[in-house]
file input-v8.cif (mmCIF, C-alpha atoms)
data_target
loop_
_atom_site.label_atom_id
_atom_site.label_comp_id
_atom_site.auth_asym_id
_atom_site.auth_seq_id
_atom_site.Cartn_x
_atom_site.Cartn_y
_atom_site.Cartn_z
CA MET Q 1 0.00 0.00 0.00
CA ILE Q 2 1.02 3.63 -0.43
CA VAL Q 3 0.99 6.06 2.47
CA THR Q 4 1.45 9.78 1.96
CA GLY Q 5 3.75 11.57 4.38
CA PRO Q 6 2.88 14.96 5.86
CA ASP Q 7 4.75 16.76 3.09
CA GLY Q 8 3.19 14.69 0.30
CA VAL Q 9 6.01 12.16 -0.17
CA GLU Q 10 4.65 8.70 -0.94
CA LEU Q 11 5.89 5.76 1.12
CA ALA Q 12 5.58 2.10 0.16
CA VAL Q 13 4.26 0.12 3.15
CA GLN Q 14 3.99 -3.64 3.61
CA VAL Q 15 1.69 -5.27 6.18
CA HIS Q 16 1.84 -8.90 7.30
CA GLY Q 17 0.11 -11.06 9.87
CA PRO Q 18 -3.10 -10.85 11.91
CA GLU Q 19 -4.49 -7.62 13.26
CA ASP Q 20 -4.82 -8.79 16.86
CA GLY Q 21 -2.12 -8.07 19.42
CA THR Q 22 0.23 -5.11 19.60
CA PRO Q 23 1.61 -4.41 16.11
CA ILE Q 24 5.31 -4.09 15.38
CA LEU Q 25 6.66 -1.30 13.18
CA PHE Q 26 10.09 -2.02 11.68
CA VAL Q 27 12.33 0.87 10.56
CA HIS Q 28 15.23 -0.11 8.31
CA GLU Q 29 18.87 0.99 8.24
CA PHE Q 30 20.60 3.07 5.56
CA GLY Q 31 22.12 0.00 3.88
CA GLY Q 32 18.84 -1.90 3.65
CA ASP Q 33 15.16 -1.50 2.89
CA HIS Q 34 11.99 -3.30 3.97
CA ARG Q 35 13.53 -6.61 2.90
CA SER Q 36 16.14 -6.32 5.63
CA TRP Q 37 13.47 -7.36 8.15
CA ALA Q 38 12.58 -10.63 6.43
CA PRO Q 39 13.72 -12.88 9.31
CA GLN Q 40 11.70 -10.84 11.79
CA VAL Q 41 8.57 -10.69 9.65
CA ALA Q 42 8.74 -14.45 9.06
CA HIS Q 43 8.88 -15.01 12.82
CA PHE Q 44 6.48 -12.42 14.20
CA ALA Q 45 3.81 -12.37 11.48
CA ALA Q 46 2.58 -15.73 12.72
CA HIS Q 47 1.04 -13.99 15.72
CA ARG Q 48 1.45 -10.22 15.34
CA ARG Q 49 0.71 -7.55 12.79
CA CYS Q 50 4.06 -6.60 11.25
CA VAL Q 51 4.53 -3.34 9.36
CA THR Q 52 7.57 -2.54 7.25
CA TYR Q 53 8.11 0.37 4.89
CA ASP Q 54 10.72 1.83 2.61
CA ALA Q 55 12.04 5.18 3.76
CA ARG Q 56 11.77 8.18 1.47
CA GLY Q 57 14.51 7.96 -1.13
CA TYR Q 58 14.20 4.16 -1.29
CA PRO Q 59 12.07 2.88 -4.20
CA PRO Q 60 9.31 1.89 -4.44
CA SER Q 61 8.83 4.82 -2.06
CA ALA Q 62 9.19 8.21 -3.71
CA VAL Q 63 12.62 9.77 -4.23
CA PRO Q 64 12.31 13.53 -3.68
CA THR Q 65 15.03 15.55 -5.37
CA ASP Q 66 14.77 18.49 -2.97
CA PRO Q 67 17.53 18.17 -0.32
CA ALA Q 68 15.20 19.80 2.21
CA ALA Q 69 12.97 16.72 2.03
CA TYR Q 70 15.55 14.64 3.93
CA SER Q 71 16.15 15.02 7.66
CA GLN Q 72 15.79 13.29 11.01
CA ASP Q 73 12.54 15.20 11.49
CA HIS Q 74 11.15 13.84 8.24
CA ALA Q 75 12.17 10.30 9.23
CA VAL Q 76 10.16 10.57 12.45
CA ALA Q 77 7.19 12.19 10.72
CA ASP Q 78 7.12 9.40 8.13
CA ALA Q 79 6.97 6.73 10.84
CA VAL Q 80 4.04 8.52 12.44
CA ALA Q 81 2.32 8.84 9.05
CA VAL Q 82 2.58 5.08 8.55
CA LEU Q 83 1.02 4.41 11.96
CA ASP Q 84 -1.73 6.95 11.29
CA ALA Q 85 -2.58 5.53 7.89
CA LEU Q 86 -2.99 2.04 9.36
CA GLY Q 87 -5.02 3.26 12.32
CA ILE Q 88 -2.38 2.08 14.79
CA ALA Q 89 -2.52 4.03 18.04
CA ARG Q 90 0.50 2.34 19.66
CA ALA Q 91 3.11 -0.06 18.37
CA LEU Q 92 6.27 -1.78 19.39
CA VAL Q 93 8.83 0.02 17.21
CA VAL Q 94 12.00 -1.76 16.12
CA GLY Q 95 14.76 0.06 14.24
CA ASN Q 96 18.30 -0.67 13.20
CA SER Q 97 21.11 1.90 12.71
CA MET Q 98 19.56 4.83 10.80
CA GLY Q 99 16.21 3.28 11.67
CA GLY Q 100 17.36 2.99 15.28
CA PHE Q 101 18.00 6.74 15.39
CA ALA Q 102 14.52 7.34 13.96
CA THR Q 103 13.02 4.94 16.49
CA LEU Q 104 14.76 6.64 19.39
CA HIS Q 105 13.59 10.07 18.22
CA LEU Q 106 10.07 8.71 17.75
CA GLY Q 107 10.08 7.60 21.37
CA LEU Q 108 11.27 11.03 22.48
CA ARG Q 109 8.76 13.03 20.46
CA HIS Q 110 5.75 10.72 20.39
CA PRO Q 111 5.95 8.43 23.42
CA GLU Q 112 2.20 7.88 23.32
CA ARG Q 113 2.61 6.02 20.02
CA CYS Q 114 5.20 3.55 21.36
CA GLN Q 115 4.50 0.55 23.54
CA GLY Q 116 8.27 0.15 23.62
CA ILE Q 117 11.25 0.77 21.37
CA VAL Q 118 13.99 -1.59 20.23
CA VAL Q 119 17.02 0.42 19.17
CA ALA Q 120 19.63 -1.73 17.41
CA GLY Q 121 23.01 -0.72 15.98
CA CYS Q 122 22.43 2.88 16.98
CA GLY Q 123 25.24 5.29 17.76
CA TYR Q 124 27.72 5.00 14.93
CA GLY Q 125 29.57 8.30 14.78
CA ALA Q 126 27.76 9.71 17.79
CA HIS Q 127 30.71 9.88 20.18
CA PRO Q 128 32.23 13.37 20.19
CA ASP Q 129 35.62 11.95 19.23
CA HIS Q 130 34.14 10.36 16.10
CA THR Q 131 31.47 12.83 14.98
CA ALA Q 132 33.57 14.91 12.60
CA ALA Q 133 35.02 11.84 10.89
CA PHE Q 134 31.57 10.25 10.61
CA ARG Q 135 30.06 13.33 8.99
CA ALA Q 136 32.99 13.66 6.58
CA ASP Q 137 32.59 10.03 5.59
CA ALA Q 138 28.83 10.45 5.09
CA LEU Q 139 29.37 13.43 2.80
CA ALA Q 140 32.06 11.54 0.86
CA LEU Q 141 29.66 8.62 0.41
CA ALA Q 142 27.00 11.01 -0.89
CA ASP Q 143 29.46 12.30 -3.46
CA ALA Q 144 30.41 8.73 -4.40
CA TYR Q 145 26.78 7.79 -5.01
CA GLU Q 146 26.42 10.68 -7.44
CA ARG Q 147 29.80 10.12 -9.06
CA ASP Q 148 30.15 6.32 -9.17
CA GLY Q 149 26.65 4.91 -8.70
CA SER Q 150 25.15 2.49 -6.21
CA PRO Q 151 26.84 -0.77 -7.24
CA ALA Q 152 30.29 0.76 -6.77
CA VAL Q 153 29.40 2.20 -3.37
CA ALA Q 154 27.83 -1.10 -2.30
CA ALA Q 155 31.09 -2.94 -2.94
CA ASP Q 156 32.81 -0.61 -0.45
CA TYR Q 157 30.12 0.18 2.10
CA GLY Q 158 28.74 -3.34 2.27
CA ASN Q 159 32.15 -4.81 3.01
CA ARG Q 160 33.19 -2.49 5.81
CA PRO Q 161 34.42 -4.14 9.03
CA ALA Q 162 31.15 -3.91 10.97
CA ARG Q 163 29.36 -5.73 8.11
CA GLN Q 164 31.91 -8.53 7.81
CA PRO Q 165 30.44 -10.65 10.62
CA LEU Q 166 27.34 -11.20 8.45
CA ARG Q 167 29.53 -12.44 5.61
CA ARG Q 168 31.31 -14.88 7.93
CA ARG Q 169 28.09 -16.19 9.49
CA ASP Q 170 25.89 -16.21 6.41
CA PRO Q 171 27.59 -15.69 3.03
CA GLU Q 172 24.27 -15.90 1.18
CA GLY Q 173 22.69 -13.39 3.53
CA HIS Q 174 25.62 -11.05 3.02
CA ALA Q 175 25.33 -11.41 -0.75
CA GLU Q 176 21.64 -10.48 -0.49
CA HIS Q 177 22.60 -7.48 1.64
CA LEU Q 178 25.02 -6.35 -1.08
CA ARG Q 179 22.32 -6.81 -3.74
CA ILE Q 180 19.94 -4.57 -1.81
CA LEU Q 181 22.67 -1.96 -1.35
CA ALA Q 182 23.51 -2.04 -5.06
CA GLU Q 183 19.82 -1.37 -5.88
CA HIS Q 184 19.70 1.87 -3.89
CA ASP Q 185 18.58 4.86 -5.88
CA PRO Q 186 21.76 6.98 -6.08
CA THR Q 187 19.89 10.26 -5.73
CA GLY Q 188 17.90 9.08 -2.75
CA ALA Q 189 20.96 7.54 -1.13
CA ALA Q 190 23.08 10.66 -1.60
CA LEU Q 191 20.40 12.96 -0.22
CA THR Q 192 19.76 10.61 2.71
CA MET Q 193 23.46 10.60 3.51
CA ARG Q 194 23.58 14.40 3.51
CA GLY Q 195 20.23 15.25 5.07
CA VAL Q 196 19.71 12.42 7.55
CA GLN Q 197 23.01 10.75 8.33
CA ALA Q 198 25.49 13.64 8.22
CA ALA Q 199 23.08 16.17 9.72
CA ARG Q 200 21.60 14.17 12.58
CA PRO Q 201 22.23 15.52 16.09
CA SER Q 202 24.74 13.67 18.25
CA LEU Q 203 23.18 11.48 20.91
CA TYR Q 204 25.65 12.91 23.39
CA ASP Q 205 24.12 16.35 22.87
CA LEU Q 206 20.69 14.92 23.69
CA ARG Q 207 21.52 13.34 27.04
CA ASP Q 208 19.25 15.64 29.06
CA GLU Q 209 16.35 14.90 26.74
CA LEU Q 210 17.15 11.18 26.65
CA ALA Q 211 17.12 11.07 30.44
CA GLY Q 212 13.45 11.99 30.29
CA LEU Q 213 12.40 9.30 27.80
CA ARG Q 214 9.07 7.87 28.97
CA VAL Q 215 9.14 4.69 26.89
CA PRO Q 216 10.70 1.31 27.78
CA ALA Q 217 13.71 0.65 25.56
CA LEU Q 218 15.80 -2.32 24.53
CA LEU Q 219 19.22 -1.51 23.14
CA VAL Q 220 20.91 -4.13 20.95
CA VAL Q 221 24.49 -3.88 19.71
CA GLY Q 222 27.10 -6.27 18.39
CA ASP Q 223 30.44 -6.38 20.19
CA SER Q 224 32.20 -6.10 16.82
CA ASP Q 225 30.30 -2.91 16.02
CA ARG Q 226 33.03 -0.93 17.78
CA ASP Q 227 31.86 2.53 16.74
CA ALA Q 228 28.46 1.94 18.32
CA LEU Q 229 29.52 0.30 21.60
CA ASP Q 230 30.40 3.48 23.50
CA ALA Q 231 27.18 5.17 22.46
CA ASN Q 232 25.11 2.21 23.64
CA LEU Q 233 26.82 2.19 27.01
CA MET Q 234 26.01 5.89 27.31
CA LEU Q 235 22.40 5.26 26.28
CA ALA Q 236 22.04 2.42 28.77
CA ALA Q 237 23.33 4.69 31.54
CA THR Q 238 21.16 7.64 30.47
CA LEU Q 239 17.77 6.21 29.53
CA PRO Q 240 15.57 5.72 32.61
CA ASP Q 241 14.05 2.39 31.51
CA ALA Q 242 16.44 0.58 29.18
CA GLY Q 243 18.07 -2.81 28.87
CA LEU Q 244 21.22 -3.44 26.88
CA ALA Q 245 21.98 -6.64 24.97
CA VAL Q 246 25.53 -6.96 23.60
CA LEU Q 247 25.69 -9.83 21.12
CA PRO Q 248 29.02 -11.70 20.88
CA ARG Q 249 31.08 -11.82 17.69
CA THR Q 250 28.39 -9.77 16.00
CA GLY Q 251 28.58 -6.62 13.91
CA HIS Q 252 26.20 -3.93 12.74
CA LEU Q 253 23.44 -6.14 11.35
CA THR Q 254 22.37 -7.99 14.49
CA ASN Q 255 18.90 -8.87 13.21
CA LEU Q 256 20.41 -10.62 10.17
CA GLU Q 257 23.49 -12.11 11.82
CA LEU Q 258 21.69 -13.73 14.76
CA PRO Q 259 18.00 -13.62 13.80
CA ALA Q 260 16.85 -16.23 16.31
CA VAL Q 261 18.60 -14.43 19.17
CA PHE Q 262 17.36 -11.03 17.99
CA ASN Q 263 13.79 -12.32 17.65
CA GLY Q 264 13.92 -13.85 21.12
CA LEU Q 265 15.11 -10.59 22.64
CA VAL Q 266 12.32 -8.67 20.94
CA GLU Q 267 9.76 -11.31 21.94
CA ASP Q 268 10.76 -11.15 25.60
CA PHE Q 269 10.83 -7.36 25.52
CA ALA Q 270 7.37 -7.22 23.97
CA VAL Q 271 6.00 -9.41 26.77
CA ALA Q 272 7.68 -7.24 29.41
CA CYS Q 273 6.13 -4.13 27.85
CA GLY Q 274 2.69 -5.69 28.10
#
call {"tool": "encode", "arguments": {"input": "input-v8.cif", "output": "structure tokens"}}
result
Amino acid sequence: MIVTGPDGVELAVQVHGPEDGTPILFVHEFGGDHRSWAPQVAHFAAHRRCVTYDARGYPPSAVPTDPAAYSQDHAVADAVAVLDALGIARALVVGNSMGGFATLHLGLRHPERCQGIVVAGCGYGAHPDHTAAFRADALALADAYERDGSPAVAADYGNRPARQPLRRRDPEGHAEHLRILAEHDPTGAALTMRGVQAARPSLYDLRDELAGLRVPALLVVGDSDRDALDANLMLAATLPDAGLAVLPRTGHLTNLELPAVFNGLVEDFAVACG
């Protein structure tokens, strides 16, 4: 189905499973799309309504060409628009990486819409010592998308150290991850890198606000996702109602690397949230 965001951008939304029980909204990372949640949808759709969608800039969702159409604020507004269009008052919201940032901000700004939030792989580049380098890399990637195209960027970005654990655990899954990356719309990817990734506020600058989060949270991070570990420790110490799961020998794509473990964590968290 197609959902229209508050600024008129069309979002492709996929719905699976029965309508009873608390629904789960999945928010994908930069390197993926709705297909990145396949192991979770296959598990949870047997007994819960599962909603995935492709972020703006990710076909079949629309790809705005106006740079102003891409920001952390738009990412949060789009998630709310999806919930509104489906008549979902409250959901368990699960996000990874870029989607984890959106999920965390959704919990901050619209706590009444969240039964709980699962924030996975969140925090890359957030530490003050790493912020400048992260933003420079994001801008360089945006340039590379426009200059070299998505397949070339996928060969680099999809093989970075934090994504290697998926290749070692599941070569076919890693190959599928690279295929999805190579299919990114270069315009949408470049503008997302500039407007969402490079421009997002540092979590360390939001600690006072995060300390007031009124939503239960589960943080998930791989111990090989070194750039996200410090941020997750900070989040676990700052958020008033948060648990932290550090998965061993696991990188940035925890839901794909250890899907059974990830699903079990989310299942237990969902029960705890009521």
call {"tool": "residues_around", "arguments": {"input": "input-v8.cif", "residues": "Leu104 of chain Q", "least_positions_apart": "4", "cutoff": "7 Å", "atoms": "all atoms listed in the file", "output": "ChimeraX atom specification"}}
result
/Q:100,108,119
call {"tool": "closest_residue", "arguments": {"input": "input-v8.cif", "among": "Q:Ala126, Q:Leu206, Q:His184, Q:Arg168", "to": "Ala231 of chain Q", "atoms": "only C-alpha atoms"}}
result
Q:Ala126
call {"tool": "residues_around", "arguments": {"input": "input-v8.cif", "residues": "Asn255 of chain Q", "least_positions_apart": "5", "cutoff": "10 Å", "atoms": "only C-alpha atoms", "output": "list in words"}}
result
Ser36, Trp37, Ala38, Pro39, Gln40, Gly95, Asn96, Ala120, Gly121, Leu166, Val220, Val221, Thr250, Ala260, Val261, Phe262 and Asn263 of chain Q
call {"tool": "atom_distance", "arguments": {"input": "input-v8.cif", "atom1": "atom CA of Asn232 of chain Q", "atom2": "atom CA of Arg179 of chain Q"}}
result
29.0 Å
call {"tool": "closest_residue", "arguments": {"input": "input-v8.cif", "among": "Q:Glu29, Q:Val82, Q:Pro23, Q:Pro18", "to": "Ala46 of chain Q", "atoms": "all atoms listed in the file"}}
result
Q:Pro18
call {"tool": "closest_residue", "arguments": {"input": "input-v8.cif", "among": "Q:Gly123, Q:Gly8, Q:Pro64, Q:Gly32", "to": "Leu219 of chain Q", "atoms": "all atoms listed in the file"}}
result
Q:Gly123
call {"tool": "residues_around", "arguments": {"input": "input-v8.cif", "residues": "Arg135 of chain Q", "least_positions_apart": "2", "cutoff": "12 Å", "atoms": "only C-alpha atoms", "output": "MDAnalysis selection string"}}
result
chainID Q and resid 124:133 137:142 193:202
call {"tool": "resolve_selection", "arguments": {"input": "input-v8.cif", "expression": "the PyMOL selection byres ((chain Q and resi 56) around 8)", "output": "ChimeraX atom specification"}}
result
/Q:9-11,54-55,57-59,61-64,70,188
call {"tool": "atom_distance", "arguments": {"input": "input-v8.cif", "atom1": "atom CA of Leu178 of chain Q", "atom2": "atom CA of Val13 of chain Q"}}
result
22.2 Å
call {"tool": "residues_near_point", "arguments": {"input": "input-v8.cif", "point": "(28.1, -5.8, 1.7)", "cutoff": "6 Å", "atoms": "all atoms listed in the file", "output": "mmCIF file with C-alpha atoms, keeping the file's coordinate frame"}}
result
data_model
loop_
_atom_site.group_PDB
_atom_site.id
_atom_site.type_symbol
_atom_site.label_atom_id
_atom_site.label_comp_id
_atom_site.auth_asym_id
_atom_site.auth_seq_id
_atom_site.Cartn_x
_atom_site.Cartn_y
_atom_site.Cartn_z
ATOM 1 C CA GLY Q 158 28.740 -3.340 2.270
ATOM 2 C CA ASN Q 159 32.150 -4.810 3.010
ATOM 3 C CA HIS Q 174 25.620 -11.050 3.020
ATOM 4 C CA HIS Q 177 22.600 -7.480 1.640
ATOM 5 C CA LEU Q 178 25.020 -6.350 -1.080
#
call {"tool": "closest_residue", "arguments": {"input": "input-v8.cif", "among": "Q:Ala85, Q:Leu244, Q:Val51, Q:Ile24", "to": "Pro6 of chain Q", "atoms": "only C-alpha atoms"}}
result
Q:Ala85
call {"tool": "decode", "arguments": {"input": "input-v8.cif", "residues": "segment 91-115 of chain Q", "atoms": "N, CA and C atoms", "output": "compact mmCIF listing (two decimals), in the first residue's frame"}}
result
# COMPACT_ATOMS: atom_id res chain seq x y z
N ALA Q 91 2.41 1.09 18.93
CA ALA Q 91 3.11 -0.06 18.37
C ALA Q 91 4.41 -0.29 19.11
N LEU Q 92 4.89 -1.50 19.03
CA LEU Q 92 6.27 -1.78 19.39
C LEU Q 92 7.09 -1.38 18.17
N VAL Q 93 8.06 -0.51 18.34
CA VAL Q 93 8.83 0.02 17.21
C VAL Q 93 10.25 -0.52 17.29
N VAL Q 94 10.70 -1.11 16.19
CA VAL Q 94 12.00 -1.76 16.12
C VAL Q 94 12.79 -1.14 14.98
N GLY Q 95 13.96 -0.57 15.29
CA GLY Q 95 14.76 0.06 14.24
C GLY Q 95 16.21 -0.33 14.35
N ASN Q 96 16.88 -0.37 13.21
CA ASN Q 96 18.30 -0.67 13.20
C ASN Q 96 19.07 0.51 12.58
N SER Q 97 20.18 0.88 13.22
CA SER Q 97 21.11 1.90 12.71
C SER Q 97 20.37 3.20 12.40
N MET Q 98 20.32 3.63 11.15
CA MET Q 98 19.56 4.83 10.80
C MET Q 98 18.13 4.71 11.29
N GLY Q 99 17.55 3.53 11.15
CA GLY Q 99 16.21 3.28 11.67
C GLY Q 99 16.17 3.28 13.18
N GLY Q 100 17.29 2.92 13.82
CA GLY Q 100 17.36 2.99 15.28
C GLY Q 100 17.35 4.43 15.77
N PHE Q 101 18.05 5.32 15.06
CA PHE Q 101 18.00 6.74 15.39
C PHE Q 101 16.57 7.26 15.26
N ALA Q 102 15.90 6.89 14.16
CA ALA Q 102 14.52 7.34 13.96
C ALA Q 102 13.61 6.80 15.06
N THR Q 103 13.83 5.55 15.44
CA THR Q 103 13.02 4.94 16.49
C THR Q 103 13.22 5.64 17.82
N LEU Q 104 14.47 5.94 18.14
CA LEU Q 104 14.76 6.64 19.39
C LEU Q 104 14.12 8.03 19.41
N HIS Q 105 14.21 8.74 18.30
CA HIS Q 105 13.59 10.07 18.22
C HIS Q 105 12.07 9.97 18.24
N LEU Q 106 11.52 8.91 17.67
CA LEU Q 106 10.07 8.71 17.75
C LEU Q 106 9.64 8.54 19.20
N GLY Q 107 10.40 7.76 19.96
CA GLY Q 107 10.08 7.60 21.37
C GLY Q 107 10.17 8.89 22.16
N LEU Q 108 11.13 9.75 21.80
CA LEU Q 108 11.27 11.03 22.48
C LEU Q 108 10.12 11.97 22.16
N ARG Q 109 9.73 12.02 20.90
CA ARG Q 109 8.76 13.03 20.46
C ARG Q 109 7.32 12.56 20.53
N HIS Q 110 7.11 11.26 20.40
CA HIS Q 110 5.75 10.72 20.39
C HIS Q 110 5.67 9.48 21.26
N PRO Q 111 5.95 9.61 22.55
CA PRO Q 111 5.95 8.43 23.42
C PRO Q 111 4.61 7.73 23.48
N GLU Q 112 3.53 8.48 23.27
CA GLU Q 112 2.20 7.88 23.32
C GLU Q 112 1.95 6.90 22.19
N ARG Q 113 2.79 6.92 21.16
CA ARG Q 113 2.61 6.02 20.02
C ARG Q 113 3.44 4.74 20.17
N CYS Q 114 4.25 4.66 21.22
CA CYS Q 114 5.20 3.55 21.36
C CYS Q 114 4.90 2.73 22.60
N GLN Q 115 4.59 1.46 22.40
CA GLN Q 115 4.50 0.55 23.54
C GLN Q 115 5.89 0.34 24.13
